[in-house]
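Comments concern the structure below.
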Amino acid sequence: MSKIRRGTVVIVGCGGVGSWAAVMLARSGVAKIRLVDFDYVTLSSLNRHATACLTDVGTPKVKCIERTLKQIARWVDVDARIDIWRKEEGGELLEGADWVIGAFISFKSLSGRFHIPFTDAIDNITTKVDLLKYCHNHKIKVFSSMGAGAKCDPTRIHISDISHTVYDPLARSVRRRLRLQGVHSGIPVVYSTEVPGDVKLLPLPEEEFQKGPVKELGVFDDFRVRILPVLGPLPSIFGLHAATYILCELAEKPISNPLPIKNRKKLYERLLRDLLHRESKLTGETINKLPLDEDDVSLIFEDVNRGRSVIPPHNVPSRPVLVRWDILKPLTIDNCVVMEFAEAEKHYKESGTLQAPGSVPEAIWGKETKLVVDRRAEELRRDREWVM
């Protein structure tokens, strides 16, 4: 208990996830808690926020939480900052932290690149990645929350390393961008394996459009205005997972072996060996090392192709194979796709070799498949441009 009492935790994002984490950290004995969020309590906050009441609407979220923490334990040192976390000034808000909670889930449509922690999360992907990368570079322990919006199954919520997340679109985007910046693992997260259903952004009332440009409804330029539906208990469960993990870490009784949902190292090794063999046959030369590694294989298989064949109807392959899509172009992450074994055999047979090229990919698989490959390659290019 004395180790927990000496801990300092910074919570960036004090909405549905961050507020619940703050309350349970205080109840469990953490003596120093810094709250960082510029946002104010709204009516839509009331279905998920741990401390907000109807009378709090219009007040800063950090002040609302501070009041409750003081009522729970007068000895808690609460540093409430009505502020925005930016990577350019990130050190000041994270100073002295034993742990940082990036309490971000993406409830709103993602557009624009303004570095803003907002409402129930830091809900701009750029800010999420900036915070995680900053903490990783400066050896600050950080725990991150992924997407709880539009989900309802609490049995699918897990804690794992960011590199082991699966089925979570937000986690996939964060993971991909971190990888492109050289961060492959070492960041624990809470996320849900529940596959998002047919849920759409909530529409704005027609009268809002009649008032003028909709973008002016946001607090900042390019700020998200519409929101995804949120089932109130889900963000609280995410926050309790975060608090529990950090309490165990502070007490030096860490959760030693979180249940792995995705452990495909052997699969990646096999895919890489098979690709090496096929590339040797394609070039007619002995190749000892490919320009791709296991991290690239994971990116191609999990993030780009979602573990499915690139060939419609995009089934989950029983025997997946990585294939150079266009044999006349170099083997790169955006010129490498997933196919079923039989599809790969057909692809290489009809594509020919570098010495004797055959049919182009579009002639083999059709225009629809080519459009899918081109779209995913463009996604990768945009990600690389974002990193640069």
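Residues in the structure tokens are named by chain (A, B, ... in the order shown) and by number from 1 within that chain; ligands are numbered from 1 in the order shown.
Shell of Met24 of chain A at 10 Å, with only C-alpha atoms counted and residues fewer than 6 places along the chain excluded, is Val30, Ala50, Leu69, Gly239, Leu240, Ala242, Ala243, Thr244 and Leu247 of chain A.
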Which neighbours of Tyr167 of chain A fall inside 8 Å, counting only C-alpha atoms, when residues of the same chain fewer than 5 positions from it are skipped, and could you give them as a PyMOL selection string? chain A and resi 172+192-195
So how far away is atom CA of Gly284 of chain A from atom CA of Phe301 of chain A, in Å?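 Computing it gives 25.7 Å between the two atoms.
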Mind listing the strand (DSSP E or B) residues of segment 8-149 of chain A, per DSSP on the backbone, as a list in words? Thr8, Val9, Val10, Ile11, Val12, Lys32, Ile33, Arg34, Leu35, Val36, Tyr40, Pro60, Asp77, Val78, Asp79, Ala80, Arg81, Trp99, Val100, Ile101, Gly102, Lys108, Phe118, Ala121, Val142, Phe143, Ser144 and Ser145 of chain A
Keeping N, CA and C atoms, export the residues of the selection given above as a compact mmCIF listing (two decimals), in the first residue's frame.
```
# COMPACT_ATOMS: atom_id res chain seq x y z
N THR A 8 2.54 8.56 -8.60
CA THR A 8 1.97 9.73 -9.27
C THR A 8 1.46 9.31 -10.64
N VAL A 9 0.19 9.56 -10.90
CA VAL A 9 -0.42 9.17 -12.17
C VAL A 9 -0.99 10.40 -12.87
N VAL A 10 -0.68 10.53 -14.15
CA VAL A 10 -1.23 11.61 -14.98
C VAL A 10 -2.27 11.00 -15.90
N ILE A 11 -3.47 11.56 -15.91
CA ILE A 11 -4.55 11.08 -16.77
C ILE A 11 -4.82 12.14 -17.83
N VAL A 12 -4.55 11.80 -19.06
CA VAL A 12 -4.77 12.71 -20.18
C VAL A 12 -6.06 12.30 -20.88
N LYS A 32 -1.17 11.14 -5.59
CA LYS A 32 -0.97 12.26 -6.51
C LYS A 32 -1.54 11.93 -7.88
N ILE A 33 -2.52 12.71 -8.28
CA ILE A 33 -3.18 12.49 -9.55
C ILE A 33 -3.28 13.82 -10.29
N ARG A 34 -2.76 13.86 -11.50
CA ARG A 34 -2.89 15.05 -12.35
C ARG A 34 -3.92 14.75 -13.44
N LEU A 35 -4.87 15.64 -13.59
CA LEU A 35 -5.94 15.50 -14.59
C LEU A 35 -5.71 16.53 -15.69
N VAL A 36 -5.71 16.07 -16.94
CA VAL A 36 -5.46 16.97 -18.07
C VAL A 36 -6.60 16.83 -19.08
N TYR A 40 -15.41 20.50 -21.34
CA TYR A 40 -16.42 20.76 -20.33
C TYR A 40 -17.49 19.67 -20.36
N PRO A 60 -15.77 22.55 -16.20
CA PRO A 60 -14.64 21.75 -16.70
C PRO A 60 -14.67 20.34 -16.13
N ASP A 77 -3.70 14.54 -3.51
CA ASP A 77 -3.18 15.76 -4.16
C ASP A 77 -3.63 15.75 -5.61
N VAL A 78 -4.66 16.54 -5.91
CA VAL A 78 -5.22 16.58 -7.26
C VAL A 78 -4.75 17.84 -7.97
N ASP A 79 -4.09 17.65 -9.10
CA ASP A 79 -3.62 18.77 -9.93
C ASP A 79 -4.49 18.81 -11.18
N ALA A 80 -5.51 19.64 -11.18
CA ALA A 80 -6.47 19.70 -12.28
C ALA A 80 -6.03 20.75 -13.30
N ARG A 81 -5.73 20.32 -14.49
CA ARG A 81 -5.26 21.23 -15.55
C ARG A 81 -6.30 21.32 -16.66
N TRP A 99 3.23 6.90 -13.98
CA TRP A 99 2.45 6.32 -15.08
C TRP A 99 1.59 7.41 -15.70
N VAL A 100 1.38 7.27 -17.00
CA VAL A 100 0.46 8.13 -17.74
C VAL A 100 -0.65 7.26 -18.30
N ILE A 101 -1.88 7.70 -18.15
CA ILE A 101 -3.01 7.03 -18.79
C ILE A 101 -3.46 7.89 -19.96
N GLY A 102 -3.32 7.35 -21.15
CA GLY A 102 -3.89 8.00 -22.33
C GLY A 102 -5.32 7.52 -22.45
N LYS A 108 -15.85 10.05 -31.96
CA LYS A 108 -16.25 11.00 -32.98
C LYS A 108 -15.56 10.69 -34.28
N PHE A 118 -9.77 15.43 -26.19
CA PHE A 118 -11.15 15.93 -26.15
C PHE A 118 -12.10 14.97 -25.48
N ALA A 121 -11.94 11.33 -24.40
CA ALA A 121 -10.69 10.80 -24.88
C ALA A 121 -9.89 11.87 -25.56
N VAL A 142 3.39 4.36 -19.96
CA VAL A 142 2.09 4.85 -20.43
C VAL A 142 1.17 3.68 -20.69
N PHE A 143 -0.09 3.85 -20.33
CA PHE A 143 -1.15 2.86 -20.59
C PHE A 143 -2.20 3.57 -21.44
N SER A 144 -2.65 2.90 -22.50
CA SER A 144 -3.55 3.56 -23.44
C SER A 144 -4.88 2.83 -23.55
N SER A 145 -5.93 3.59 -23.79
CA SER A 145 -7.25 3.02 -24.03
C SER A 145 -7.60 3.14 -25.51
```
